[in-house]
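Structure file coords_4.txt (compact mmCIF, C-alpha atoms) follows.
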```txt
# COMPACT_ATOMS: atom_id res chain seq x y z
CA ASP A 1 10.61 -23.13 15.42
CA GLY A 2 14.20 -24.27 15.78
CA GLY A 3 15.17 -21.09 17.62
CA LEU A 4 14.50 -18.76 14.68
CA ARG A 5 12.42 -15.70 15.49
CA VAL A 6 10.48 -13.78 12.85
CA PHE A 7 10.03 -10.01 12.42
CA VAL A 8 7.14 -8.99 10.13
CA VAL A 9 7.64 -5.47 8.81
CA ASN A 10 5.30 -3.22 6.82
CA ASP A 11 4.90 0.52 6.31
CA ARG A 12 1.31 1.23 7.40
CA THR A 13 -0.24 1.22 10.86
CA GLN A 14 -3.59 -0.16 9.68
CA LEU A 15 -1.89 -3.02 7.86
CA ASP A 16 0.30 -3.70 10.89
CA GLU A 17 -2.80 -4.02 13.08
CA GLN A 18 -4.49 -6.36 10.60
CA LEU A 19 -1.46 -8.63 10.15
CA PHE A 20 -0.87 -8.85 13.88
CA GLY A 21 -4.52 -9.67 14.56
CA VAL A 22 -4.61 -12.50 12.02
CA CYS A 23 -1.29 -13.97 13.17
CA ALA A 24 -2.28 -13.82 16.84
CA GLU A 25 -5.50 -15.67 16.05
CA VAL A 26 -3.86 -18.33 13.87
CA CYS A 27 -0.45 -18.77 15.54
CA GLY A 28 -0.98 -17.48 19.06
CA ALA A 29 -1.49 -20.93 20.58
CA ARG A 30 1.92 -22.16 19.39
CA HIS A 31 4.07 -19.02 19.27
CA ALA A 32 4.50 -15.79 21.20
CA VAL A 33 3.09 -13.01 18.98
CA HIS A 34 3.94 -9.40 19.80
CA ARG A 35 3.20 -6.03 18.19
CA VAL A 36 5.76 -3.28 18.74
CA GLU A 37 4.11 -0.11 20.07
CA SER A 38 7.06 2.34 20.15
CA VAL A 39 10.71 2.76 19.19
CA ASP A 40 11.76 1.82 22.74
CA ASP A 41 9.56 -1.28 22.50
CA LEU A 42 11.32 -2.16 19.23
CA ARG A 43 14.74 -1.83 20.87
CA GLY A 44 13.64 -4.25 23.56
CA ALA A 45 12.21 -6.68 20.99
CA LEU A 46 15.45 -6.64 19.00
CA ALA A 47 17.39 -7.45 22.15
CA SER A 48 15.29 -10.20 23.64
CA ARG A 49 11.89 -10.85 22.08
CA ARG A 50 11.21 -14.35 20.70
CA GLY A 51 8.42 -15.70 18.49
CA VAL A 52 6.76 -13.46 15.89
CA VAL A 53 7.18 -9.68 16.17
CA PHE A 54 5.26 -7.08 14.15
CA SER A 55 6.55 -3.55 13.54
CA THR A 56 6.20 -0.70 11.06
CA LEU A 57 9.23 0.28 9.00
CA GLN A 58 9.14 3.83 10.32
CA LYS A 59 10.21 2.66 13.80
CA PHE A 60 13.37 1.13 12.33
CA LEU A 61 14.21 4.47 10.73
CA ARG A 62 14.21 6.09 14.18
CA LEU A 63 16.30 3.46 15.96
CA GLY A 64 19.58 5.32 15.71
CA GLY A 65 21.70 2.30 14.86
CA ALA A 66 20.45 -0.21 17.44
CA MET A 67 21.60 -3.77 16.77
CA ALA A 68 19.72 -6.99 17.44
CA THR A 69 21.15 -9.32 20.08
CA GLY A 70 18.18 -11.63 20.49
CA GLY A 71 19.29 -14.50 18.28
CA ALA A 72 18.86 -15.73 14.71
CA THR A 73 16.18 -13.77 12.87
CA ALA A 74 14.13 -14.04 9.69
CA VAL A 75 12.47 -10.88 8.35
CA VAL A 76 9.24 -10.87 6.33
CA VAL A 77 8.69 -7.58 4.51
CA ASP A 78 5.10 -7.01 3.42
CA GLU A 79 4.24 -4.63 0.55
CA ALA A 80 7.92 -4.79 -0.42
CA HIS A 81 7.45 -2.63 -3.53
CA ARG A 82 6.83 0.56 -1.57
CA SER A 83 9.01 2.40 0.94
CA TYR A 84 11.68 -0.29 0.90
CA SER A 85 12.35 -0.46 -2.82
CA ASN A 86 12.91 3.25 -3.50
CA ASP A 87 15.24 3.51 -0.47
CA ALA A 88 14.74 7.26 -0.50
CA ASP A 89 15.38 7.53 3.22
CA GLY A 90 17.70 4.58 3.72
CA ALA A 91 14.89 2.17 4.52
CA TRP A 92 16.75 -1.01 3.57
CA ALA A 93 19.93 0.08 5.31
CA ALA A 94 18.06 0.91 8.52
CA LEU A 95 16.01 -2.28 8.45
CA LEU A 96 18.78 -4.75 7.67
CA GLY A 97 21.36 -2.90 9.77
CA ALA A 98 19.19 -3.28 12.85
CA PHE A 99 19.62 -7.06 12.71
CA GLY A 100 23.31 -7.19 11.84
CA GLY A 101 24.81 -10.66 11.99
CA SER A 102 21.66 -12.23 13.43
CA LEU A 103 19.83 -12.02 10.10
CA ARG A 104 19.33 -15.41 8.45
CA ALA A 105 16.69 -14.73 5.79
CA VAL A 106 14.69 -11.88 4.23
CA VAL A 107 11.43 -12.56 2.38
CA GLY A 108 9.56 -9.79 0.56
CA LEU A 109 5.85 -10.02 -0.31
CA THR A 110 4.36 -7.84 -3.05
CA ALA A 111 1.63 -7.97 -5.66
CA THR A 112 3.42 -5.38 -7.83
CA PRO A 113 7.18 -6.07 -7.86
CA ALA A 114 9.18 -3.17 -9.24
CA PRO A 115 12.64 -3.68 -10.79
CA ARG A 116 14.20 -2.26 -7.62
CA THR A 117 12.34 -4.83 -5.55
CA LEU A 118 13.65 -7.67 -7.68
CA ARG A 119 17.18 -6.32 -7.48
CA ALA A 120 16.95 -6.29 -3.70
CA LEU A 121 15.13 -9.60 -3.16
CA GLY A 122 15.10 -11.56 -6.42
CA SER A 123 17.63 -13.86 -8.04
CA MET A 124 19.17 -13.96 -11.50
CA ASP A 125 17.84 -16.58 -13.91
CA GLU A 126 21.00 -17.67 -15.68
CA SER A 127 19.20 -18.94 -18.78
CA SER A 128 17.19 -15.78 -19.45
CA LYS A 129 19.46 -13.33 -17.59
CA LEU A 130 16.35 -11.86 -15.97
CA LEU A 131 15.67 -11.21 -12.32
CA ARG A 132 13.05 -13.57 -10.94
CA PRO A 133 11.10 -13.69 -7.67
CA LEU A 134 11.46 -16.70 -5.40
CA HIS A 135 7.80 -17.57 -6.03
CA CYS A 136 5.06 -16.12 -8.21
CA LEU A 137 1.31 -16.70 -8.01
CA PRO A 138 -0.34 -15.31 -11.18
CA LEU A 139 -3.47 -13.26 -10.61
CA LYS A 140 -5.57 -15.61 -12.76
CA ASP A 141 -4.53 -18.55 -10.56
CA ALA A 142 -5.34 -16.59 -7.40
CA VAL A 143 -8.79 -15.78 -8.81
CA ALA A 144 -9.35 -19.43 -9.81
CA ARG A 145 -8.46 -20.55 -6.27
CA GLY A 146 -10.84 -18.04 -4.72
CA LEU A 147 -8.04 -16.01 -3.11
CA CYS A 148 -8.85 -12.84 -5.05
CA LEU A 149 -12.02 -11.26 -6.39
CA ASP A 150 -12.19 -11.10 -10.18
CA VAL A 151 -12.68 -7.36 -10.32
CA LEU A 152 -12.57 -7.26 -14.12
CA ARG A 153 -15.38 -9.79 -14.67
CA ARG A 154 -18.03 -7.08 -14.92
CA PHE A 155 -15.74 -4.24 -15.89
CA ALA A 156 -17.23 -1.43 -17.95
CA ALA A 157 -15.57 1.74 -19.23
CA PRO A 158 -18.01 4.67 -19.19
CA ARG A 159 -17.31 7.76 -21.28
CA ILE A 160 -17.41 11.01 -19.32
CA GLU A 161 -17.19 14.33 -21.16
CA ILE A 162 -14.90 16.80 -19.35
CA ARG A 163 -13.63 20.18 -20.56
CA ILE A 164 -10.43 21.69 -19.13
CA LEU A 165 -9.73 25.17 -20.42
CA ASP A 166 -6.66 26.49 -18.63
CA ALA A 167 -3.41 26.79 -20.58
CA HIS A 168 -1.42 24.32 -18.48
CA GLN A 169 -3.86 21.49 -19.13
CA ARG A 170 -4.08 22.30 -22.86
CA GLU A 171 -0.32 21.91 -22.97
CA ALA A 172 -0.66 18.52 -21.29
CA SER A 173 -2.97 17.36 -24.09
CA LYS A 174 0.00 17.41 -26.47
CA GLY A 175 1.05 14.11 -24.99
CA ALA A 176 3.83 14.85 -22.50
CA ARG A 177 3.85 11.83 -20.19
CA ARG A 178 4.75 13.89 -17.15
CA ASP A 179 1.69 16.09 -17.57
CA VAL A 180 -0.83 13.29 -18.15
CA GLY A 181 -0.92 12.75 -14.41
CA ASN A 182 -1.67 16.44 -13.89
CA VAL A 183 -4.68 16.15 -16.19
CA GLU A 184 -5.92 12.96 -14.51
CA GLU A 185 -5.62 14.61 -11.09
CA HIS A 186 -7.06 17.97 -12.13
CA ALA A 187 -9.96 19.00 -9.89
CA ALA A 188 -12.39 19.16 -12.82
CA VAL A 189 -11.49 15.65 -13.98
CA VAL A 190 -11.58 14.10 -10.52
CA GLY A 191 -14.81 15.92 -9.72
CA ALA A 192 -16.59 14.67 -12.83
CA LYS A 193 -15.43 11.10 -12.29
CA ALA A 194 -16.28 11.22 -8.60
CA ALA A 195 -19.80 12.38 -9.41
CA PHE A 196 -20.25 9.40 -11.74
CA VAL A 197 -18.84 6.95 -9.17
CA ALA A 198 -21.00 8.39 -6.37
CA ALA A 199 -24.16 8.08 -8.46
CA ASP A 200 -23.26 4.52 -9.45
CA PHE A 201 -22.56 3.58 -5.83
CA ARG A 202 -25.88 5.00 -4.63
CA GLU A 203 -27.71 3.09 -7.38
CA ARG A 204 -26.02 -0.28 -6.76
CA ARG A 205 -25.52 -0.17 -3.01
CA TYR A 206 -27.06 -2.93 -0.93
CA ALA A 207 -27.37 -3.25 2.86
CA GLY A 208 -23.89 -3.25 4.33
CA GLY A 209 -22.29 -2.88 0.91
CA LYS A 210 -18.86 -1.35 0.48
CA ALA A 211 -16.91 -0.07 -2.52
CA MET A 212 -13.28 0.45 -3.54
CA VAL A 213 -11.98 3.16 -5.86
CA VAL A 214 -8.57 2.52 -7.45
CA ALA A 215 -6.73 5.77 -8.22
CA ARG A 216 -3.62 6.21 -10.36
CA SER A 217 -1.29 7.63 -7.69
CA ARG A 218 -1.07 8.57 -4.02
CA ARG A 219 -1.81 12.19 -4.88
CA ALA A 220 -4.88 11.03 -6.79
CA VAL A 221 -5.97 9.07 -3.69
CA VAL A 222 -6.07 12.35 -1.77
CA ALA A 223 -7.99 14.16 -4.53
CA TRP A 224 -10.52 11.32 -4.99
CA THR A 225 -11.09 10.94 -1.25
CA ARG A 226 -11.89 14.62 -0.84
CA ALA A 227 -14.09 14.71 -3.96
CA LEU A 228 -16.14 11.67 -2.93
CA ARG A 229 -16.71 13.03 0.58
CA THR A 230 -18.60 15.98 -0.89
CA ARG A 231 -20.81 13.62 -2.90
CA LEU A 232 -21.50 10.68 -0.57
CA SER A 233 -23.01 10.59 2.90
CA GLY A 234 -21.04 7.53 4.00
CA VAL A 235 -17.47 7.27 5.29
CA VAL A 236 -14.82 7.61 2.56
CA TYR A 237 -11.34 6.44 3.60
CA GLY A 238 -8.17 7.22 1.63
CA ALA A 239 -5.39 4.66 2.03
CA LEU A 240 -1.83 5.63 1.14
CA SER A 241 1.72 5.07 2.36
CA GLY A 242 3.96 7.92 3.44
CA ALA A 243 3.16 11.59 2.88
CA VAL A 244 2.31 13.30 -0.42
CA ASP A 245 1.81 16.86 -1.67
CA ASP A 246 -1.90 17.50 -1.32
CA GLY A 247 -2.06 20.10 -4.10
CA ARG A 248 -2.87 22.82 -1.58
CA GLY A 249 0.66 23.72 -0.60
CA GLY A 250 1.01 21.14 2.16
CA ALA A 251 1.72 17.47 2.80
CA VAL A 252 -0.83 14.89 3.87
CA ASP A 253 -0.51 11.29 5.04
CA GLU A 254 -3.11 8.65 5.81
CA ALA A 255 -3.61 9.79 9.42
CA ARG A 256 -4.14 13.43 8.41
CA LEU A 257 -6.44 12.54 5.54
CA ASN A 258 -8.85 10.44 7.60
CA GLN A 259 -10.90 11.08 10.70
CA SER A 260 -12.47 7.61 10.78
CA SER A 261 -10.98 4.13 10.87
CA LEU A 262 -10.59 1.89 7.84
CA GLY A 263 -13.05 -0.60 9.33
CA ALA A 264 -15.79 2.05 9.39
CA ALA A 265 -15.39 2.96 5.72
CA ASP A 266 -18.18 2.60 3.16
CA VAL A 267 -15.79 3.51 0.34
CA VAL A 268 -12.01 2.93 0.34
CA VAL A 269 -9.77 4.81 -2.11
CA VAL A 270 -6.45 3.07 -2.86
CA CYS A 271 -3.50 3.54 -5.19
CA GLY A 272 -3.50 1.61 -8.47
CA LYS A 273 -2.80 -2.15 -8.42
CA LEU A 274 -4.28 -3.25 -11.73
```
Exercise: express the given structure as structure tokens:
Amino acid sequence: DGGLRVFVVNDRTQLDEQLFGVCAEVCGARHAVHRVESVDDLRGALASRRGVVFSTLQKFLRLGGAMATGGATAVVVDEAHRSYSNDADGAWAALLGAFGGSLRAVVGLTATPAPRTLRALGSMDESSKLLRPLHCLPLKDAVARGLCLDVLRRFAAPRIEIRILDAHQREASKGARRDVGNVEEHAAVVGAKAAFVAADFRERRYAGGKAMVVARSRRAVVAWTRALRTRLSGVVYGALSGAVDDGRGGAVDEARLNQSSLGAADVVVVCGKL
């Protein structure tokens, strides 16, 4: 309203589809809602599109310096802790540069704000000298309001005996932080844990039931997804942003890892949030 258009940016195609679908259903009667399908489509949207526009961050990275001429713009960045905050490939520069002088506001949404995210989008609290977000909804309040599932309410920590005998993993047991991840993502460890999870899922599953596995890293998402597929008959979907070393000498992203859609999944493997 008031002549301000809104660009909603995220870094995953599936999330882009979901956000667009919800916004079109809720806001479509009052506002023009558009989802960018290509880099050329994005150039056109920057130049003239009004209303609410959805696009993935990756399209901005391939713009080649295009500048917005379509009027005052607010940008909403979803999952702002990920590709934007590490700025490894100039994500912020490409995103904000595309809007130039038309940019009026930038709002980042994240459930796991990293220090880099707060430096980019937060403000300094003069009394505490700490960076603060514009608004914070504690997880316990979100659970109390029914916005989130209390996943820890029935949490149990099973003990699984695993033996890893190779020299590299014995070295990791000495406590080097860098190598702890290698142990956690070792095929023997993931395999043993995946077997336990698969058995538990088969035992508890009800008609139409789904499950989520929270892994410690994007690389672990790949390992868990592959391990569960050999142990479950249903569709296992691994969700991750960007591309990651798959441990087999190559790189894999969400599209390469999955043959089915997220909506068809019986089990979804995601990177750690808790």
Inset, instruction - Using all atoms listed in the file, find all polymer residues with an atom at most 12 Å away from the point (6.6, -1.7, 21.1); report them as a ChimeraX atom specification. - result: /A:34-46,49,53-56,59-60
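Here CA of Ala80 in chain A stands at a distance of 27.8 Å from CA of Arg153 in chain A.
Residues surrounding Val106 in chain A within 7 Å are Ala74, Val75, Val76 and Gly108 of chain A [all atoms listed in the file; sequence separation below 2 positions excluded].
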Would you export the selected residues with C-alpha atoms as a PDB file, in the coordinates of the input, please?
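Printed below is part00.pdb as written:
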```
ATOM      1  CA  ALA A  74      14.130 -14.040   9.690  1.00  0.00           C
ATOM      2  CA  VAL A  75      12.470 -10.880   8.350  1.00  0.00           C
ATOM      3  CA  VAL A  76       9.240 -10.870   6.330  1.00  0.00           C
ATOM      4  CA  GLY A 108       9.560  -9.790   0.560  1.00  0.00           C
TER       5      GLY A 108
END
```
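Nearest to Val222 in chain A of all the residues A:Lys193, A:Val269, A:Phe201, A:Gly242 is A:Val269, based on all atoms listed in the file.
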Legend entry - Selection: 12 Å around Gly209 in chain A, only C-alpha atoms, excl. self and same-chain fewer than 6 positions, as a PyMOL selection string: chain A and resi 201-203+234+264-268
Legend entry - Nearest residue to Arg226 in chain A from the set A:Ala93, A:Leu262, A:Leu134, A:Ala187 (distances using only C-alpha atoms): A:Ala187
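CA of Gly250 in chain A to CA of Ala227 in chain A spans 17.5 Å [interatomic distance, one decimal].
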Inset, instruction - List the neighbours of Arg5 in chain A out to 7 Å using all atoms listed in the file; skip same-chain residues closer than 3 positions along the sequence, and give me the result as a VMD selection string. - result: chain A and resid 50 to 52 72 to 74
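The two atoms in question, CA of Ser217 in chain A and CA of Ala114 in chain A, are spaced 15.1 Å apart.
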Legend entry - Residue neighbourhood Val270 in chain A, 8 Å, all atoms listed in the file, exclusion window fewer than 4 positions, as a PyMOL selection string: chain A and resi 212-215+218+221+238-240
Since the input lacks atoms, please generate all heavy atoms for range 101-112 of chain A and provide them as a short mmCIF file (atom, residue, chain, number, x, y, z; two decimals), in the coordinates of the input.
```
data_model
loop_
_atom_site.label_atom_id
_atom_site.label_comp_id
_atom_site.auth_asym_id
_atom_site.auth_seq_id
_atom_site.Cartn_x
_atom_site.Cartn_y
_atom_site.Cartn_z
N GLY A 101 24.44 -9.28 12.25
CA GLY A 101 24.81 -10.66 11.99
C GLY A 101 23.77 -11.69 12.38
O GLY A 101 23.93 -12.88 12.09
N SER A 102 22.69 -11.26 13.03
CA SER A 102 21.66 -12.23 13.43
C SER A 102 20.70 -12.58 12.30
O SER A 102 19.91 -13.51 12.41
CB SER A 102 20.85 -11.66 14.61
OG SER A 102 20.01 -10.61 14.18
N LEU A 103 20.78 -11.83 11.20
CA LEU A 103 19.83 -12.02 10.10
C LEU A 103 20.15 -13.29 9.31
O LEU A 103 21.26 -13.48 8.82
CB LEU A 103 19.88 -10.81 9.17
CG LEU A 103 18.77 -10.67 8.13
CD1 LEU A 103 17.41 -10.59 8.81
CD2 LEU A 103 19.01 -9.45 7.26
N ARG A 104 19.15 -14.16 9.18
CA ARG A 104 19.33 -15.41 8.45
C ARG A 104 18.58 -15.44 7.13
O ARG A 104 18.97 -16.13 6.20
CB ARG A 104 18.85 -16.59 9.32
CG ARG A 104 19.64 -16.77 10.60
CD ARG A 104 21.07 -17.21 10.32
NE ARG A 104 21.82 -17.43 11.55
CZ ARG A 104 22.54 -16.49 12.15
NH1 ARG A 104 22.61 -15.26 11.64
NH2 ARG A 104 23.19 -16.75 13.26
N ALA A 105 17.47 -14.72 7.03
CA ALA A 105 16.69 -14.73 5.79
C ALA A 105 15.82 -13.49 5.71
O ALA A 105 15.37 -12.97 6.74
CB ALA A 105 15.81 -15.99 5.71
N VAL A 106 15.60 -13.00 4.48
CA VAL A 106 14.69 -11.88 4.23
C VAL A 106 13.74 -12.30 3.11
O VAL A 106 14.19 -12.72 2.04
CB VAL A 106 15.44 -10.61 3.81
CG1 VAL A 106 14.44 -9.47 3.57
CG2 VAL A 106 16.47 -10.20 4.84
N VAL A 107 12.44 -12.21 3.37
CA VAL A 107 11.43 -12.56 2.38
C VAL A 107 10.55 -11.34 2.15
O VAL A 107 10.02 -10.76 3.10
CB VAL A 107 10.55 -13.75 2.85
CG1 VAL A 107 9.46 -14.04 1.82
CG2 VAL A 107 11.41 -14.98 3.09
N GLY A 108 10.41 -10.92 0.90
CA GLY A 108 9.56 -9.79 0.56
C GLY A 108 8.29 -10.25 -0.12
O GLY A 108 8.32 -11.13 -0.99
N LEU A 109 7.16 -9.69 0.28
CA LEU A 109 5.85 -10.02 -0.31
C LEU A 109 5.32 -8.79 -1.04
O LEU A 109 5.27 -7.70 -0.46
CB LEU A 109 4.87 -10.44 0.78
CG LEU A 109 5.31 -11.57 1.71
CD1 LEU A 109 4.27 -11.79 2.80
CD2 LEU A 109 5.58 -12.85 0.94
N THR A 110 4.92 -8.95 -2.29
CA THR A 110 4.36 -7.84 -3.05
C THR A 110 3.51 -8.36 -4.19
O THR A 110 3.80 -9.41 -4.76
CB THR A 110 5.47 -6.92 -3.61
OG1 THR A 110 4.87 -5.93 -4.46
CG2 THR A 110 6.50 -7.71 -4.41
N ALA A 111 2.45 -7.63 -4.50
CA ALA A 111 1.63 -7.97 -5.66
C ALA A 111 2.09 -7.21 -6.90
O ALA A 111 1.68 -7.52 -8.01
CB ALA A 111 0.16 -7.65 -5.38
N THR A 112 2.96 -6.21 -6.72
CA THR A 112 3.42 -5.38 -7.83
C THR A 112 4.92 -5.18 -7.73
O THR A 112 5.39 -4.10 -7.39
CB THR A 112 2.70 -4.02 -7.82
OG1 THR A 112 2.82 -3.44 -6.50
CG2 THR A 112 1.23 -4.16 -8.16
#
```
